[in-house]
Amino acid sequence: MIILALAGNRNTTGGFNNRGTNANLWSSSQSGATAWNRNLNTSNATVNRNPNSKANGFSLRCLKDSFFYLMASSLIEDLFQAYYDARRHKRNTNNALRFEMNFEAELFQLRDEILNRTYEISKSTCFISFYPVKREIFAGHFRDRIIHHLLFNYLNPLCERLFIYDSYSCREGRGTSLGVKRAEHFIRSCSNNYQQKCFILKLDIAGYFMTIDKHILFGKIRNIIGRFRSETSFDENRVLWLLEKVVFHDPTQHCIMKGKREDWVGLPKSKSLFFSEKDRGLPIGNLTSQLFGNIYLNDLDHFVGHTLKCRYYGRYVDDMLFVHTSKEFLKAVIPLVELYLENQLTLTLHPKKIYLQQVERGVTFLGRVLKPYRVYLQNRAKGNMWKKLFLLKIVFDGKERSKREVCRLVACLNSYMGMLDHGATYKLGLALRGRSEVWFSRYVGIVDNGMGRWKVVPKEWISFAP
């Protein structure tokens with residue numbers, strides 16, 4: 001049923017006529033100074049069609065397939081938001097700049113491709129990242145990253161309602177810092193603040209991202225969307241079509257190789273998509289891959305909590321941490337988790353990364369070494385930090401650098417100082433401050449930020465610092 005207000009019309013002299021008795025609606029058919037309109041009135045049961053001067057003020061015509069246009073309008077708004085999310089911290093890249101030159105037209109074209117289901121994923125760029133560890137990265141084209149953010153914005157609010165609190169990867173308000181704090185809390189609570197004996201179990205999945213079964217993953221995503229069907233505002237069929245495109249896309253096909261062939265030397269086959277089985281593996285580098293990784297192991301998290309009754313448990317991607325007073329209990333957990341992974345997720349535990357020790361021996365978790373009453377920075381993290389600073393010293397030593405490069409140096413030094421605020425790193429912090437003042441004194445200075453901590457600022461800002 002359509003309900004129309006009988007609004008009348010405004011005539012060519014500016015007066016208003018027929019209010020309450022007539023509704024005049026412009027059509028899209030026009031000829032010169034006149035156009036056809038539809039007329040409804042209280043004295044006639046039919047819909048009349050008349051030509052009238054365009055100088056008249058009539059209501060807008062009804063749109064055919066108005067639901068389609070409404071959904072298209074909603075989609076373009078979502079694409080604009082996804083675009084703004086995707087360009088954050090990526091605005092100066094070549095693909096982002098090329099897209100931004102005509103971004104409105106590009107987004108409308110992307111919308112039309114989605115509505116007509118002609119959207120195709122572009123070639124990915126493959127390269128090796130050496131920091132902090134050697135990894136194979138597939139970077140999607142910028143327009144594909146917009147689609148990743150679009151899907152993330154649709155799915156993540158639903159998934160957050162299902163994830164456990166102690167899943168730390170790729171979640172707002174979580175991350176490695178919270179993971180370390182929660183691990184320390186688990187140990188203190190379980191050991192009654194180190195007054196009684198307790199044990200730590202750490203597990204890792206072999207080649208996690210490269211062995212994810214895409215069919216199982218897509219089934220889990222479809223179940224999540226179906227579970228919240230009555231609460232979602234997006235077009236379910238369209239989103240599932242896009243998700244299927246992204247999940248089952250093989251980025252190794254026709255990818256652009258960046259770097260030298262020698263870069264792949266020494267990379268295990270279990271860490272490369274080029275050696276993954278058909279319909280297995282997700283590319284490291286896509287935002288959706290991080291979310292999909294959490295979705296894939298979410299049922300395992302609930303299995304550990306509800307079935308195994310393990311109270312002190314946390315996970316960052318595929319790194320799992322268990323804390324319990326009984327060593328025998330943790331020993332029994334290992335085959336149960338292994339069996340669940342094999343039967344439900346077709347994954348296997350890494351046999352060389354099973355760690356079970358007393359808390360007094362300490363544990364390495366998320367770049368920190370947790371020991372009774374103190375937390376240290378992992379040696380590998382310290383080594384990477386000094387290696388980065390030595391390289392920066394070589395770059396900046398005796399050479400004139402642009403403001404952009406100085407700002408990057410400031411951001412790098414401040415990030416390391418912020419990292420050292422978490423843990424027993426007082427002496428390491430002093431060493432970092434001392435070397436920074438000597439090596440980069442031409443460009444930066446170190447000032448008190450007013451909260452008992454130090455921060456690095458460009459040299460010309462020091463006179464304005466508090």
# chains A, B, ... in the order shown; residues from 1 in each chain; ligands from 1
call {"tool": "select_by_dssp", "arguments": {"residues": "segment 191-221 of chain A", "states": "strand (DSSP E or B)", "output": "list in words"}}
result
Phe199, Ile200, Leu201, Lys202, Leu203, Asp204, Ile205 and Asp213 of chain A
call {"tool": "write_last_selection", "arguments": {"atoms": "N, CA, C and O atoms", "output": "PDB file, in the first residue's frame"}}
result
ATOM      1  N   PHE A 199      51.522 -23.508  36.949  1.00  0.00           N
ATOM      2  CA  PHE A 199      52.262 -23.842  35.741  1.00  0.00           C
ATOM      3  C   PHE A 199      51.696 -23.086  34.537  1.00  0.00           C
ATOM      4  O   PHE A 199      50.525 -22.693  34.522  1.00  0.00           O
ATOM      5  N   ILE A 200      52.571 -22.915  33.539  1.00  0.00           N
ATOM      6  CA  ILE A 200      52.206 -22.203  32.312  1.00  0.00           C
ATOM      7  C   ILE A 200      52.345 -23.150  31.130  1.00  0.00           C
ATOM      8  O   ILE A 200      53.357 -23.852  31.005  1.00  0.00           O
ATOM      9  N   LEU A 201      51.335 -23.169  30.277  1.00  0.00           N
ATOM     10  CA  LEU A 201      51.389 -23.938  29.037  1.00  0.00           C
ATOM     11  C   LEU A 201      51.217 -22.963  27.872  1.00  0.00           C
ATOM     12  O   LEU A 201      50.281 -22.160  27.852  1.00  0.00           O
ATOM     13  N   LYS A 202      52.120 -23.050  26.903  1.00  0.00           N
ATOM     14  CA  LYS A 202      52.026 -22.211  25.714  1.00  0.00           C
ATOM     15  C   LYS A 202      52.008 -23.105  24.481  1.00  0.00           C
ATOM     16  O   LYS A 202      52.859 -23.995  24.334  1.00  0.00           O
ATOM     17  N   LEU A 203      51.012 -22.876  23.605  1.00  0.00           N
ATOM     18  CA  LEU A 203      50.850 -23.674  22.388  1.00  0.00           C
ATOM     19  C   LEU A 203      50.845 -22.759  21.166  1.00  0.00           C
ATOM     20  O   LEU A 203      50.466 -21.584  21.254  1.00  0.00           O
ATOM     21  N   ASP A 204      51.228 -23.337  20.031  1.00  0.00           N
ATOM     22  CA  ASP A 204      51.279 -22.593  18.778  1.00  0.00           C
ATOM     23  C   ASP A 204      50.814 -23.517  17.655  1.00  0.00           C
ATOM     24  O   ASP A 204      51.079 -24.720  17.691  1.00  0.00           O
ATOM     25  N   ILE A 205      50.118 -22.943  16.680  1.00  0.00           N
ATOM     26  CA  ILE A 205      49.607 -23.729  15.544  1.00  0.00           C
ATOM     27  C   ILE A 205      50.615 -23.662  14.402  1.00  0.00           C
ATOM     28  O   ILE A 205      51.128 -22.587  14.077  1.00  0.00           O
ATOM     29  N   ASP A 213      41.328 -23.618   6.347  1.00  0.00           N
ATOM     30  CA  ASP A 213      40.427 -24.190   5.343  1.00  0.00           C
ATOM     31  C   ASP A 213      39.363 -23.150   4.988  1.00  0.00           C
ATOM     32  O   ASP A 213      38.559 -22.744   5.832  1.00  0.00           O
TER      33      ASP A 213
END
call {"tool": "residues_around", "arguments": {"residues": "Leu107 of chain A", "least_positions_apart": "6", "cutoff": "8 Å", "atoms": "only C-alpha atoms", "output": "PyMOL selection string"}}
result
chain A and resi 76+79-80
call {"tool": "residues_around", "arguments": {"residues": "segment 252-265 of chain A", "least_positions_apart": "6", "cutoff": "10 Å", "atoms": "only C-alpha atoms", "output": "MDAnalysis selection string"}}
result
chainID A and resid 122:130 134:136 138:140 272:275 283
call {"tool": "closest_residue", "arguments": {"among": "A:Leu413, A:Leu178, A:Leu242, A:Met101", "to": "Leu115 of chain A", "atoms": "only C-alpha atoms"}}
result
A:Leu242
call {"tool": "select_by_dssp", "arguments": {"residues": "segment 375-429 of chain A", "states": "alpha helix (DSSP H)", "output": "count of residues only"}}
result
40
call {"tool": "atom_distance", "arguments": {"atom1": "atom CA of Val375 of chain A", "atom2": "atom CA of Gly362 of chain A"}}
result
9.4 Å
call {"tool": "residues_around", "arguments": {"residues": "segment 351-358 of chain A", "least_positions_apart": "2", "cutoff": "12 Å", "atoms": "only C-alpha atoms", "output": "tab-separated table (two decimals) with all heavy atoms, in the first residue's frame"}}
result
chain	number	residue	atom	x	y	z
A	187	ILE	N	48.76	-15.24	35.99
A	187	ILE	CA	49.79	-15.88	36.81
A	187	ILE	C	49.65	-15.48	38.27
A	187	ILE	O	49.70	-16.32	39.18
A	187	ILE	CB	51.19	-15.52	36.28
A	187	ILE	CG1	51.39	-16.12	34.88
A	187	ILE	CG2	52.28	-16.00	37.22
A	187	ILE	CD1	52.63	-15.63	34.17
A	190	CYS	N	46.34	-17.11	39.70
A	190	CYS	CA	46.42	-18.56	39.84
A	190	CYS	C	47.41	-18.97	40.94
A	190	CYS	O	47.19	-19.96	41.64
A	190	CYS	CB	46.82	-19.18	38.50
A	190	CYS	SG	46.75	-20.97	38.46
A	191	SER	N	48.49	-18.21	41.10
A	191	SER	CA	49.51	-18.55	42.09
A	191	SER	C	49.32	-17.85	43.42
A	191	SER	O	50.19	-17.95	44.30
A	191	SER	CB	50.90	-18.20	41.53
A	191	SER	OG	51.02	-16.80	41.36
A	194	TYR	N	52.07	-15.47	43.65
A	194	TYR	CA	53.30	-16.25	43.73
A	194	TYR	C	53.51	-16.93	45.08
A	194	TYR	O	54.64	-17.27	45.45
A	194	TYR	CB	54.52	-15.36	43.40
A	194	TYR	CG	54.46	-14.73	42.03
A	194	TYR	CD1	54.12	-13.39	41.87
A	194	TYR	CD2	54.70	-15.48	40.88
A	194	TYR	CE1	54.06	-12.81	40.61
A	194	TYR	CE2	54.64	-14.91	39.61
A	194	TYR	CZ	54.31	-13.57	39.49
A	194	TYR	OH	54.24	-13.00	38.25
A	196	GLN	N	51.77	-19.82	45.84
A	196	GLN	CA	51.61	-21.25	45.63
A	196	GLN	C	52.04	-21.61	44.22
A	196	GLN	O	52.13	-20.76	43.34
A	196	GLN	CB	50.15	-21.67	45.87
A	196	GLN	CG	49.15	-21.13	44.86
A	196	GLN	CD	47.73	-21.54	45.19
A	196	GLN	OE1	47.35	-21.56	46.36
A	196	GLN	NE2	46.95	-21.86	44.17
A	197	LYS	N	52.30	-22.90	44.04
A	197	LYS	CA	52.85	-23.37	42.77
A	197	LYS	C	51.79	-23.35	41.69
A	197	LYS	O	50.64	-23.75	41.90
A	197	LYS	CB	53.39	-24.79	42.95
A	197	LYS	CG	54.12	-25.34	41.74
A	197	LYS	CD	54.62	-26.76	42.00
A	197	LYS	CE	55.70	-26.77	43.07
A	197	LYS	NZ	56.29	-28.13	43.21
A	198	CYS	N	52.17	-22.89	40.48
A	198	CYS	CA	51.29	-23.02	39.32
A	198	CYS	C	52.16	-23.13	38.07
A	198	CYS	O	53.37	-22.86	38.11
A	198	CYS	CB	50.29	-21.87	39.22
A	198	CYS	SG	50.94	-20.32	38.61
A	199	PHE	N	51.52	-23.51	36.95
A	199	PHE	CA	52.26	-23.84	35.74
A	199	PHE	C	51.70	-23.09	34.54
A	199	PHE	O	50.52	-22.69	34.52
A	199	PHE	CB	52.20	-25.35	35.48
A	199	PHE	CG	52.81	-26.17	36.58
A	199	PHE	CD1	52.07	-26.53	37.70
A	199	PHE	CD2	54.14	-26.55	36.51
A	199	PHE	CE1	52.63	-27.27	38.72
A	199	PHE	CE2	54.72	-27.30	37.52
A	199	PHE	CZ	53.96	-27.66	38.64
A	200	ILE	N	52.57	-22.92	33.54
A	200	ILE	CA	52.21	-22.20	32.31
A	200	ILE	C	52.35	-23.15	31.13
A	200	ILE	O	53.36	-23.85	31.01
A	200	ILE	CB	53.13	-20.99	32.08
A	200	ILE	CG1	53.05	-20.02	33.25
A	200	ILE	CG2	52.76	-20.26	30.79
A	200	ILE	CD1	54.12	-18.94	33.19
A	201	LEU	N	51.34	-23.17	30.28
A	201	LEU	CA	51.39	-23.94	29.04
A	201	LEU	C	51.22	-22.96	27.87
A	201	LEU	O	50.28	-22.16	27.85
A	201	LEU	CB	50.28	-24.99	28.99
A	201	LEU	CG	50.09	-25.73	27.66
A	201	LEU	CD1	51.31	-26.57	27.32
A	201	LEU	CD2	48.82	-26.58	27.70
A	202	LYS	N	52.12	-23.05	26.90
A	202	LYS	CA	52.03	-22.21	25.71
A	202	LYS	C	52.01	-23.10	24.48
A	202	LYS	O	52.86	-24.00	24.33
A	202	LYS	CB	53.21	-21.23	25.65
A	202	LYS	CG	52.97	-20.05	24.72
A	202	LYS	CD	54.03	-18.99	24.87
A	202	LYS	CE	55.34	-19.46	24.27
A	202	LYS	NZ	56.29	-18.34	24.04
A	203	LEU	N	51.01	-22.88	23.61
A	203	LEU	CA	50.85	-23.67	22.39
A	203	LEU	C	50.85	-22.76	21.17
A	203	LEU	O	50.47	-21.58	21.25
A	203	LEU	CB	49.55	-24.48	22.43
A	203	LEU	CG	49.37	-25.47	23.59
A	203	LEU	CD1	47.99	-26.11	23.52
A	203	LEU	CD2	50.46	-26.52	23.58
A	204	ASP	N	51.23	-23.34	20.03
A	204	ASP	CA	51.28	-22.59	18.78
A	204	ASP	C	50.81	-23.52	17.65
A	204	ASP	O	51.08	-24.72	17.69
A	204	ASP	CB	52.71	-22.11	18.51
A	204	ASP	CG	52.78	-21.10	17.38
A	204	ASP	OD1	52.68	-21.54	16.22
A	204	ASP	OD2	52.94	-19.90	17.64
A	205	ILE	N	50.12	-22.94	16.68
A	205	ILE	CA	49.61	-23.73	15.54
A	205	ILE	C	50.61	-23.66	14.40
A	205	ILE	O	51.13	-22.59	14.08
A	205	ILE	CB	48.23	-23.21	15.09
A	205	ILE	CG1	47.21	-23.39	16.21
A	205	ILE	CG2	47.76	-23.93	13.83
A	205	ILE	CD1	45.88	-22.75	15.94
A	206	ALA	N	50.89	-24.79	13.80
A	206	ALA	CA	51.86	-24.86	12.70
A	206	ALA	C	51.30	-24.20	11.45
A	206	ALA	O	50.25	-24.61	10.94
A	206	ALA	CB	52.22	-26.33	12.42
A	207	GLY	N	52.02	-23.17	10.94
A	207	GLY	CA	51.63	-22.51	9.69
A	207	GLY	C	50.18	-22.09	9.66
A	207	GLY	O	49.46	-22.40	8.71
A	318	ASP	N	47.44	-17.17	16.82
A	318	ASP	CA	47.52	-18.61	17.09
A	318	ASP	C	48.40	-18.93	18.30
A	318	ASP	O	48.69	-20.10	18.56
A	318	ASP	CB	48.05	-19.36	15.86
A	318	ASP	CG	49.45	-18.91	15.46
A	318	ASP	OD1	49.77	-17.73	15.69
A	318	ASP	OD2	50.21	-19.73	14.92
A	319	ASP	N	48.85	-17.91	19.03
A	319	ASP	CA	49.63	-18.13	20.25
A	319	ASP	C	48.67	-18.26	21.43
A	319	ASP	O	47.99	-17.29	21.80
A	319	ASP	CB	50.60	-16.97	20.50
A	319	ASP	CG	51.71	-16.93	19.47
A	319	ASP	OD1	51.99	-17.98	18.86
A	319	ASP	OD2	52.29	-15.85	19.26
A	320	MET	N	48.64	-19.45	22.04
A	320	MET	CA	47.70	-19.73	23.14
A	320	MET	C	48.44	-19.87	24.46
A	320	MET	O	49.51	-20.49	24.51
A	320	MET	CB	46.91	-21.00	22.85
A	320	MET	CG	45.98	-20.90	21.65
A	320	MET	SD	45.30	-22.50	21.17
A	320	MET	CE	46.62	-23.16	20.17
A	321	LEU	N	47.89	-19.29	25.52
A	321	LEU	CA	48.51	-19.33	26.85
A	321	LEU	C	47.50	-19.89	27.85
A	321	LEU	O	46.36	-19.41	27.93
A	321	LEU	CB	48.94	-17.93	27.27
A	321	LEU	CG	49.69	-17.84	28.59
A	321	LEU	CD1	51.12	-18.34	28.42
A	321	LEU	CD2	49.71	-16.40	29.11
A	322	PHE	N	47.92	-20.91	28.62
A	322	PHE	CA	47.10	-21.52	29.66
A	322	PHE	C	47.86	-21.43	30.98
A	322	PHE	O	49.08	-21.66	31.02
A	322	PHE	CB	46.85	-23.01	29.37
A	322	PHE	CG	46.22	-23.30	28.02
A	322	PHE	CD1	46.98	-23.25	26.86
A	322	PHE	CD2	44.88	-23.65	27.93
A	322	PHE	CE1	46.42	-23.54	25.63
A	322	PHE	CE2	44.31	-23.94	26.71
A	322	PHE	CZ	45.08	-23.88	25.55
A	323	VAL	N	47.17	-21.12	32.06
A	323	VAL	CA	47.77	-21.09	33.39
A	323	VAL	C	46.88	-21.92	34.32
A	323	VAL	O	45.66	-21.75	34.34
A	323	VAL	CB	47.90	-19.65	33.93
A	323	VAL	CG1	48.59	-19.65	35.28
A	323	VAL	CG2	48.67	-18.77	32.95
A	324	HIS	N	47.51	-22.83	35.10
A	324	HIS	CA	46.74	-23.70	36.00
A	324	HIS	C	47.63	-24.16	37.14
A	324	HIS	O	48.86	-24.20	37.02
A	324	HIS	CB	46.19	-24.91	35.23
A	324	HIS	CG	45.00	-25.55	35.88
A	324	HIS	ND1	45.12	-26.50	36.87
A	324	HIS	CD2	43.68	-25.35	35.70
A	324	HIS	CE1	43.91	-26.88	37.25
A	324	HIS	NE2	43.02	-26.19	36.56
A	325	THR	N	47.00	-24.53	38.24
A	325	THR	CA	47.76	-25.01	39.40
A	325	THR	C	48.24	-26.44	39.23
A	325	THR	O	49.17	-26.87	39.92
A	325	THR	CB	46.88	-24.93	40.67
A	325	THR	OG1	45.66	-25.64	40.44
A	325	THR	CG2	46.57	-23.49	41.03
A	326	SER	N	47.62	-27.17	38.31
A	326	SER	CA	47.96	-28.58	38.12
A	326	SER	C	48.73	-28.79	36.83
A	326	SER	O	48.24	-28.48	35.74
A	326	SER	CB	46.69	-29.44	38.12
A	326	SER	OG	46.99	-30.76	37.71
A	327	LYS	N	49.93	-29.36	36.95
A	327	LYS	CA	50.72	-29.68	35.77
A	327	LYS	C	50.06	-30.80	34.98
A	327	LYS	O	50.08	-30.80	33.73
A	327	LYS	CB	52.13	-30.08	36.18
A	327	LYS	CG	53.08	-30.30	35.03
A	327	LYS	CD	54.49	-30.59	35.53
A	327	LYS	CE	55.47	-30.74	34.38
A	327	LYS	NZ	56.86	-31.00	34.86
A	328	GLU	N	49.46	-31.77	35.68
A	328	GLU	CA	48.80	-32.89	35.02
A	328	GLU	C	47.59	-32.42	34.21
A	328	GLU	O	47.31	-32.96	33.14
A	328	GLU	CB	48.37	-33.94	36.05
A	328	GLU	CG	49.53	-34.56	36.83
A	328	GLU	CD	50.58	-35.16	35.90
A	328	GLU	OE1	50.19	-35.83	34.92
A	328	GLU	OE2	51.78	-34.94	36.14
A	329	PHE	N	46.87	-31.43	34.72
A	329	PHE	CA	45.74	-30.88	33.99
A	329	PHE	C	46.21	-30.29	32.66
A	329	PHE	O	45.60	-30.53	31.60
A	329	PHE	CB	45.03	-29.82	34.82
A	329	PHE	CG	43.92	-29.11	34.09
A	329	PHE	CD1	42.65	-29.64	34.05
A	329	PHE	CD2	44.17	-27.90	33.43
A	329	PHE	CE1	41.62	-28.98	33.36
A	329	PHE	CE2	43.16	-27.24	32.74
A	329	PHE	CZ	41.89	-27.78	32.71
A	330	LEU	N	47.27	-29.52	32.69
A	330	LEU	CA	47.78	-28.89	31.47
A	330	LEU	C	48.33	-29.94	30.50
A	330	LEU	O	48.20	-29.79	29.28
A	330	LEU	CB	48.87	-27.87	31.81
A	330	LEU	CG	48.39	-26.63	32.57
A	330	LEU	CD1	49.55	-25.70	32.88
A	330	LEU	CD2	47.31	-25.88	31.79
A	331	LYS	N	48.94	-31.00	31.03
A	331	LYS	CA	49.39	-32.09	30.17
A	331	LYS	C	48.20	-32.72	29.44
A	331	LYS	O	48.29	-33.08	28.26
A	331	LYS	CB	50.12	-33.15	30.98
A	331	LYS	CG	51.54	-32.79	31.34
A	331	LYS	CD	52.20	-33.96	32.07
A	331	LYS	CE	53.66	-33.67	32.39
A	331	LYS	NZ	54.30	-34.81	33.11
A	332	ALA	N	47.08	-32.86	30.16
A	332	ALA	CA	45.88	-33.47	29.56
A	332	ALA	C	45.23	-32.54	28.54
A	332	ALA	O	44.54	-33.00	27.61
A	332	ALA	CB	44.88	-33.82	30.65
A	333	VAL	N	45.45	-31.23	28.68
A	333	VAL	CA	44.86	-30.26	27.76
A	333	VAL	C	45.46	-30.39	26.37
A	333	VAL	O	44.76	-30.24	25.36
A	333	VAL	CB	45.05	-28.82	28.31
A	333	VAL	CG1	44.88	-27.79	27.20
A	333	VAL	CG2	44.07	-28.55	29.43
A	334	ILE	N	46.75	-30.68	26.30
A	334	ILE	CA	47.46	-30.69	25.01
A	334	ILE	C	46.81	-31.62	23.99
A	334	ILE	O	46.47	-31.19	22.88
A	334	ILE	CB	48.95	-31.04	25.21
A	334	ILE	CG1	49.62	-29.98	26.09
A	334	ILE	CG2	49.67	-31.12	23.86
A	334	ILE	CD1	51.05	-30.32	26.48
A	335	PRO	N	46.60	-32.94	24.30
A	335	PRO	CA	45.98	-33.81	23.29
A	335	PRO	C	44.54	-33.44	22.98
A	335	PRO	O	44.06	-33.65	21.86
A	335	PRO	CB	46.07	-35.20	23.92
A	335	PRO	CG	46.24	-34.97	25.38
A	335	PRO	CD	46.99	-33.69	25.51
A	337	VAL	N	43.22	-30.32	22.93
A	337	VAL	CA	43.27	-29.19	22.00
A	337	VAL	C	43.73	-29.66	20.62
A	337	VAL	O	43.18	-29.25	19.59
A	337	VAL	CB	44.20	-28.08	22.53
A	337	VAL	CG1	44.43	-27.01	21.47
A	337	VAL	CG2	43.62	-27.45	23.79
A	338	GLU	N	44.71	-30.55	20.61
A	338	GLU	CA	45.23	-31.08	19.35
A	338	GLU	C	44.14	-31.83	18.59
A	338	GLU	O	43.99	-31.67	17.37
A	338	GLU	CB	46.41	-32.00	19.62
A	338	GLU	CG	47.17	-32.41	18.38
A	338	GLU	CD	48.46	-33.13	18.73
A	338	GLU	OE1	48.57	-33.67	19.85
A	338	GLU	OE2	49.38	-33.13	17.89
A	348	THR	N	47.02	-28.30	12.91
A	348	THR	CA	47.87	-29.10	13.78
A	348	THR	C	48.70	-28.18	14.67
A	348	THR	O	49.07	-27.07	14.27
A	348	THR	CB	48.83	-30.00	12.96
A	348	THR	OG1	49.60	-29.17	12.08
A	348	THR	CG2	48.05	-31.02	12.15
A	349	LEU	N	49.00	-28.68	15.88
A	349	LEU	CA	49.89	-27.94	16.77
A	349	LEU	C	51.32	-28.04	16.28
A	349	LEU	O	51.73	-29.05	15.71
A	349	LEU	CB	49.80	-28.50	18.19
A	349	LEU	CG	48.53	-28.21	18.99
A	349	LEU	CD1	48.59	-28.91	20.34
A	349	LEU	CD2	48.34	-26.72	19.19
A	360	GLU	N	57.91	-19.82	37.99
A	360	GLU	CA	59.19	-19.27	38.42
A	360	GLU	C	60.22	-19.26	37.29
A	360	GLU	O	61.14	-18.44	37.28
A	360	GLU	CB	59.75	-20.06	39.62
A	360	GLU	CG	59.04	-19.78	40.94
A	360	GLU	CD	57.68	-20.48	41.02
A	360	GLU	OE1	57.40	-21.34	40.16
A	360	GLU	OE2	56.91	-20.15	41.95
A	361	ARG	N	60.08	-20.18	36.35
A	361	ARG	CA	61.01	-20.24	35.22
A	361	ARG	C	60.74	-19.12	34.21
A	361	ARG	O	61.58	-18.82	33.37
A	361	ARG	CB	60.88	-21.59	34.51
A	361	ARG	CG	61.22	-22.78	35.37
A	361	ARG	CD	62.71	-22.91	35.57
A	361	ARG	NE	63.06	-24.11	36.28
A	361	ARG	CZ	63.31	-25.28	35.72
A	361	ARG	NH1	63.25	-25.41	34.40
A	361	ARG	NH2	63.65	-26.32	36.46
A	362	GLY	N	59.56	-18.54	34.27
A	362	GLY	CA	59.20	-17.47	33.35
A	362	GLY	C	58.66	-18.00	32.03
A	362	GLY	O	58.76	-19.19	31.71
A	363	VAL	N	58.08	-17.10	31.25
A	363	VAL	CA	57.53	-17.45	29.95
A	363	VAL	C	57.66	-16.24	29.02
A	363	VAL	O	57.52	-15.09	29.44
A	363	VAL	CB	56.06	-17.88	30.06
A	363	VAL	CG1	55.19	-16.74	30.59
A	363	VAL	CG2	55.52	-18.38	28.73
A	364	THR	N	57.96	-16.52	27.76
A	364	THR	CA	58.01	-15.46	26.74
A	364	THR	C	56.66	-15.40	26.05
A	364	THR	O	56.17	-16.40	25.52
A	364	THR	CB	59.11	-15.76	25.71
A	364	THR	OG1	60.37	-15.82	26.38
A	364	THR	CG2	59.17	-14.66	24.67
A	365	PHE	N	56.04	-14.21	26.07
A	365	PHE	CA	54.70	-14.06	25.48
A	365	PHE	C	54.57	-12.66	24.91
A	365	PHE	O	54.76	-11.66	25.61
A	365	PHE	CB	53.64	-14.32	26.55
A	365	PHE	CG	52.22	-14.36	26.01
A	365	PHE	CD1	51.85	-15.28	25.04
A	365	PHE	CD2	51.26	-13.48	26.49
A	365	PHE	CE1	50.55	-15.32	24.55
A	365	PHE	CE2	49.96	-13.52	26.00
A	365	PHE	CZ	49.61	-14.45	25.03
A	370	LEU	N	57.88	-12.82	31.04
A	370	LEU	CA	57.16	-12.67	32.30
A	370	LEU	C	57.82	-13.54	33.36
A	370	LEU	O	57.89	-14.77	33.22
A	370	LEU	CB	55.70	-13.07	32.14
A	370	LEU	CG	54.78	-12.08	31.44
A	370	LEU	CD1	55.02	-12.06	29.94
A	370	LEU	CD2	53.32	-12.42	31.72
A	371	LYS	N	58.30	-12.89	34.43
A	371	LYS	CA	58.87	-13.58	35.57
A	371	LYS	C	58.21	-13.05	36.84
A	371	LYS	O	57.52	-12.02	36.80
A	371	LYS	CB	60.39	-13.37	35.60
A	371	LYS	CG	61.12	-14.12	34.48
A	371	LYS	CD	62.60	-14.16	34.72
A	371	LYS	CE	63.28	-15.06	33.68
A	371	LYS	NZ	64.75	-15.18	33.94
A	372	PRO	N	58.39	-13.75	37.98
A	372	PRO	CA	57.72	-13.29	39.21
A	372	PRO	C	58.02	-11.83	39.53
A	372	PRO	O	59.18	-11.42	39.61
A	372	PRO	CB	58.29	-14.24	40.27
A	372	PRO	CG	58.61	-15.49	39.52
A	372	PRO	CD	59.08	-15.03	38.18
call {"tool": "residues_around", "arguments": {"residues": "Phe292 of chain A", "least_positions_apart": "5", "cutoff": "9 Å", "atoms": "only C-alpha atoms", "output": "number ranges by chain"}}
result
A: 217, 221, 247, 282, 287, 297
call {"tool": "atom_distance", "arguments": {"atom1": "atom CA of Pro251 of chain A", "atom2": "atom CA of Glu342 of chain A"}}
result
25.7 Å
call {"tool": "residues_around", "arguments": {"residues": "Asn116 of chain A", "least_positions_apart": "3", "cutoff": "12 Å", "atoms": "only C-alpha atoms", "output": "PDB file with C-alpha atoms, in the first residue's frame"}}
result
ATOM      1  CA  PHE A  68      16.896  -0.862  -4.771  1.00  0.00           C
ATOM      2  CA  ALA A  72      22.304   1.651  -3.325  1.00  0.00           C
ATOM      3  CA  GLN A 109      32.036   2.858 -10.056  1.00  0.00           C
ATOM      4  CA  LEU A 110      32.907   0.428  -7.274  1.00  0.00           C
ATOM      5  CA  ARG A 111      29.323   0.634  -6.030  1.00  0.00           C
ATOM      6  CA  ASP A 112      27.953  -0.119  -9.493  1.00  0.00           C
ATOM      7  CA  GLU A 113      30.283  -3.092  -9.854  1.00  0.00           C
ATOM      8  CA  TYR A 119      33.459  -6.576  -9.208  1.00  0.00           C
ATOM      9  CA  GLU A 120      36.753  -8.441  -9.624  1.00  0.00           C
ATOM     10  CA  ARG A 238      25.355  -8.993  -1.517  1.00  0.00           C
ATOM     11  CA  TRP A 241      28.756 -12.649  -2.444  1.00  0.00           C
ATOM     12  CA  LEU A 242      31.570 -10.212  -1.645  1.00  0.00           C
TER      13      LEU A 242
END
call {"tool": "atom_distance", "arguments": {"atom1": "atom CA of Tyr131 of chain A", "atom2": "atom CA of Lys271 of chain A"}}
result
14.9 Å
call {"tool": "residues_around", "arguments": {"residues": "segment 160-169 of chain A", "least_positions_apart": "3", "cutoff": "7 Å", "atoms": "only C-alpha atoms", "output": "MDAnalysis selection string"}}
result
chainID A and resid 156:157 174:176 179 298 314:317
call {"tool": "closest_residue", "arguments": {"among": "A:Gly285, A:Lys220, A:Ile446, A:Arg227", "to": "Leu345 of chain A", "atoms": "only C-alpha atoms"}}
result
A:Lys220
